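Below is upload_20.cif, which holds mmCIF, C-alpha atoms.
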```cif
data_coords
#
loop_
_atom_site.label_atom_id
_atom_site.label_comp_id
_atom_site.auth_asym_id
_atom_site.auth_seq_id
_atom_site.Cartn_x
_atom_site.Cartn_y
_atom_site.Cartn_z
CA MET M 28 24.74 -4.40 -8.64
CA MET M 29 25.14 -1.17 -6.65
CA ALA M 30 22.37 0.52 -8.64
CA ASP M 31 20.11 -2.44 -7.87
CA LEU M 32 21.00 -2.16 -4.18
CA ASP M 33 20.05 1.52 -4.11
CA GLU M 34 16.85 0.84 -6.04
CA LEU M 35 15.93 -1.97 -3.65
CA ARG M 36 16.55 0.34 -0.68
CA ARG M 37 14.25 2.95 -2.24
CA ARG M 38 11.57 0.33 -2.94
CA LEU M 39 11.66 -0.94 0.66
CA MET M 40 11.61 2.59 2.08
CA ALA M 41 8.56 3.34 -0.09
CA LEU M 42 6.91 0.30 1.49
CA GLY M 43 7.63 1.75 4.94
CA TYR M 44 10.73 -0.19 5.99
CA LEU M 45 13.08 1.80 8.23
CA PHE M 46 16.73 0.95 7.73
CA ALA M 47 19.32 1.05 10.50
CA GLU M 48 21.53 4.10 10.70
CA GLU M 49 25.03 3.82 9.24
CA ASP M 50 26.60 4.63 12.61
CA ASN M 51 25.11 1.39 14.02
CA GLU M 52 27.64 -0.81 12.20
CA ALA M 53 26.31 -4.20 13.33
CA ALA M 54 22.70 -3.58 12.28
CA PHE M 55 23.74 -1.73 9.12
CA GLY M 56 26.09 -4.56 8.10
CA LEU M 57 23.40 -7.16 8.73
CA GLU M 58 20.93 -5.25 6.57
CA GLN M 59 23.50 -4.77 3.80
CA ALA M 60 24.21 -8.50 3.75
CA ALA M 61 20.48 -9.28 3.71
CA LEU M 62 19.94 -6.84 0.83
CA GLU M 63 22.77 -8.36 -1.20
CA LEU M 64 21.52 -11.88 -0.54
CA ALA M 65 17.97 -10.92 -1.54
CA LEU M 66 19.22 -9.38 -4.78
CA SER M 67 21.32 -12.42 -5.67
CA ARG M 68 18.46 -14.83 -4.87
CA SER M 69 16.07 -12.75 -6.95
CA ALA M 70 18.49 -12.53 -9.89
CA ALA M 71 19.04 -16.30 -9.78
CA PHE M 72 15.29 -16.97 -9.75
CA VAL M 73 14.57 -14.58 -12.63
CA GLU M 74 17.46 -15.93 -14.69
CA GLN M 75 16.37 -19.53 -14.13
CA PHE M 76 12.65 -18.86 -14.66
CA CYS M 77 12.84 -16.42 -17.59
CA ASN M 78 16.22 -17.42 -19.03
CA ARG M 79 17.21 -13.76 -18.94
CA LEU M 80 19.14 -11.58 -16.55
CA PRO M 81 17.03 -8.75 -15.11
CA GLN M 82 20.09 -6.48 -14.96
CA ALA M 83 20.91 -6.97 -18.65
CA GLU M 84 21.15 -3.92 -20.88
CA GLY M 85 17.73 -3.07 -22.26
CA ALA M 86 15.79 -5.31 -19.87
CA GLU M 87 12.06 -4.64 -19.99
CA LEU M 88 10.49 -2.64 -17.17
CA PRO M 89 8.08 -5.41 -16.04
CA LEU M 90 11.02 -7.77 -15.66
CA VAL M 91 13.05 -5.27 -13.63
CA SER M 92 10.05 -4.33 -11.49
CA ALA M 93 9.24 -7.98 -10.75
CA PHE M 94 12.92 -8.57 -9.95
CA LEU M 95 12.91 -5.77 -7.38
CA ASP M 96 9.60 -6.88 -5.84
CA LEU M 97 10.94 -10.41 -5.54
CA ALA M 98 14.11 -9.12 -3.89
CA ALA M 99 12.04 -6.98 -1.49
CA ALA M 100 9.96 -10.04 -0.55
CA TYR M 101 13.09 -12.13 0.04
CA PHE M 102 14.56 -9.34 2.18
CA LEU M 103 11.43 -9.03 4.32
CA GLN M 104 11.22 -12.80 4.74
CA SER M 105 14.84 -12.95 5.91
CA ARG M 106 14.25 -10.12 8.39
CA LEU M 107 11.18 -11.92 9.73
CA ALA M 108 13.09 -15.19 10.03
CA LEU M 109 16.33 -13.89 11.53
CA THR M 110 15.28 -10.85 13.55
CA PRO M 111 11.53 -11.10 14.08
CA GLU M 112 11.62 -8.50 16.83
CA SER M 113 12.40 -5.84 14.23
CA LEU M 114 9.19 -6.49 12.27
CA ALA M 115 7.14 -9.09 14.11
CA VAL M 116 6.06 -7.52 17.36
CA MET M 117 2.89 -8.92 18.88
CA PRO M 118 0.68 -6.11 20.17
CA ASN M 119 -0.18 -5.76 23.83
CA LEU M 120 -3.19 -7.53 25.26
CA THR M 121 -5.81 -4.82 25.90
CA SER M 122 -8.95 -6.77 26.80
CA LEU M 123 -9.89 -10.25 27.96
CA ARG M 124 -13.35 -11.77 28.22
CA LEU M 125 -13.61 -15.20 29.83
CA GLY M 126 -17.29 -15.91 29.05
CA ASP M 127 -16.75 -16.47 25.35
CA ALA M 128 -12.96 -16.78 25.57
CA ALA M 129 -12.32 -13.68 23.45
CA TRP M 130 -9.32 -11.42 23.89
CA GLY M 131 -8.31 -8.21 22.17
CA PHE M 132 -4.96 -6.77 21.26
CA GLY M 133 -3.90 -3.18 20.77
CA GLY M 134 -3.84 -2.68 17.01
CA GLY M 135 -6.07 -5.63 16.19
CA SER M 136 -7.27 -8.97 17.42
CA GLN M 137 -6.01 -12.49 17.12
CA ARG M 138 -8.78 -13.32 14.67
CA SER M 139 -8.37 -10.24 12.44
CA GLY M 140 -4.62 -10.71 12.07
CA VAL M 141 -3.71 -7.06 11.88
CA ASP M 142 -0.75 -7.16 14.21
CA GLU M 143 2.67 -6.12 12.92
CA LYS M 144 3.77 -9.68 12.23
CA SER M 145 0.71 -10.46 10.14
CA ARG M 146 1.08 -7.25 8.17
CA ALA M 147 4.77 -7.87 7.47
CA GLU M 148 4.14 -11.48 6.46
CA GLY M 149 1.20 -10.40 4.31
CA LEU M 150 3.28 -7.76 2.57
CA ALA M 151 6.09 -10.23 1.84
CA ASP M 152 3.61 -12.82 0.54
CA ASP M 153 1.87 -10.24 -1.64
CA LEU M 154 5.16 -9.02 -3.11
CA LEU M 155 6.22 -12.60 -3.81
CA HIS M 156 2.90 -13.48 -5.44
CA SER M 157 2.69 -10.36 -7.59
CA ALA M 158 6.32 -10.66 -8.71
CA ARG M 159 5.88 -14.29 -9.71
CA ALA M 160 2.63 -13.45 -11.54
CA ALA M 161 4.42 -10.67 -13.45
CA LEU M 162 7.25 -13.04 -14.34
CA CYS M 163 4.75 -15.65 -15.58
CA ALA M 164 3.04 -13.00 -17.71
CA TRP M 165 6.38 -11.77 -19.08
CA ARG M 166 7.47 -15.31 -19.83
CA SER M 167 4.28 -16.13 -21.74
CA VAL M 168 4.68 -13.02 -23.94
CA TYR M 169 8.35 -13.56 -24.76
#
```
Could I get this structure in the form of structure tokens?
Amino acid sequence: MMADLDELRRRLMALGYLFAEEDNEAAFGLEQAALELALSRSAAFVEQFCNRLPQAEGAELPLVSAFLDLAAAYFLQSRLALTPESLAVMPNLTSLRLGDAAWGFGGGSQRSGVDEKSRAEGLADDLLHSARAALCAWRSVY
């Protein structure tokens, strides 16, 4: 499980997630617990859906990759749900027009949905969707 934890950390860092420093014990412990929970939820889903453990010896690469993407999505969803201020920060209001009731935000607009929260939610949804699609494809082949 430790190798999976390190691999999940690398996958999330490649996606741009910044982990808390180890000297900040409270935040580091919270992230560790969230990582472990995401891995166990992902393993349970893959085992139930594919009837195969993703950590088993000789597991196929698409299965392992989908397992890690699913765990990354679960981790990001938990961070958004429990500590939204770490990922879901609404940008500052930069312009307001009363005639047509339009307002603009730094980094995007309400309509375009490019604020940090929308991007984090979109990334988690995309990871979840692509992982489940890969698992469906793997399941239909085997």
Residues picked by the PyMOL selection byres ((chain M and resi 44) around 12) here, as a tab-separated table (two decimals) with C-alpha atoms, in the frame of the given file?
```tsv
chain	number	residue	atom	x	y	z
M	35	LEU	CA	15.93	-1.97	-3.65
M	36	ARG	CA	16.55	0.34	-0.68
M	37	ARG	CA	14.25	2.95	-2.24
M	38	ARG	CA	11.57	0.33	-2.94
M	39	LEU	CA	11.66	-0.94	0.66
M	40	MET	CA	11.61	2.59	2.08
M	41	ALA	CA	8.56	3.34	-0.09
M	42	LEU	CA	6.91	0.30	1.49
M	43	GLY	CA	7.63	1.75	4.94
M	45	LEU	CA	13.08	1.80	8.23
M	46	PHE	CA	16.73	0.95	7.73
M	47	ALA	CA	19.32	1.05	10.50
M	58	GLU	CA	20.93	-5.25	6.57
M	99	ALA	CA	12.04	-6.98	-1.49
M	100	ALA	CA	9.96	-10.04	-0.55
M	102	PHE	CA	14.56	-9.34	2.18
M	103	LEU	CA	11.43	-9.03	4.32
M	106	ARG	CA	14.25	-10.12	8.39
M	113	SER	CA	12.40	-5.84	14.23
M	114	LEU	CA	9.19	-6.49	12.27
M	147	ALA	CA	4.77	-7.87	7.47
M	150	LEU	CA	3.28	-7.76	2.57
M	151	ALA	CA	6.09	-10.23	1.84
```
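For the pair atom CA of M:Leu109 and atom CA of M:Val73, the separation is 24.2 Å.
Taking atom CA of M:Phe72 as the reference point, atom CA of M:Leu90 is found at 11.7 Å.
Going from atom CA of M:Pro89 over to atom CA of M:Ser167, you cover 12.7 Å.
Candidate residues M:Leu97, M:Cys77, M:Leu154, M:Leu66 were compared for distance to M:Asp31, and the nearest is M:Leu66, using only C-alpha atoms.
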List the residues selected by the PyMOL selection byres ((chain M and resi 161) around 12) in the file shown, writing them as a list in words.
Val73, Phe76, Cys77, Glu87, Leu88, Pro89, Leu90, Val91, Ser92, Ala93, Phe94, Leu95, Asp96, Leu97, Leu154, Leu155, His156, Ser157, Ala158, Arg159, Ala160, Leu162, Cys163, Ala164, Trp165, Arg166, Ser167 and Val168 of chain M
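Using only C-alpha atoms, the smallest distance between any of M:Glu34, M:Ala98, M:Phe55, M:Glu49 and M:Arg68 comes from M:Ala98.
Closest approach to M:Ser69 among M:Thr110, M:Tyr101, M:Leu57, M:Glu148: M:Tyr101, based on all atoms listed in the file.
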Box dimensions and centre (Å, one decimal) enclosing stretch 50-61 of chain M, axis-aligned, 6 Å extra per side, as lines of an AutoDock Vina configuration file:
```
center_x = 24.1
center_y = -2.3
center_z = 8.9
size_x = 19.2
size_y = 25.9
size_z = 22.3
```
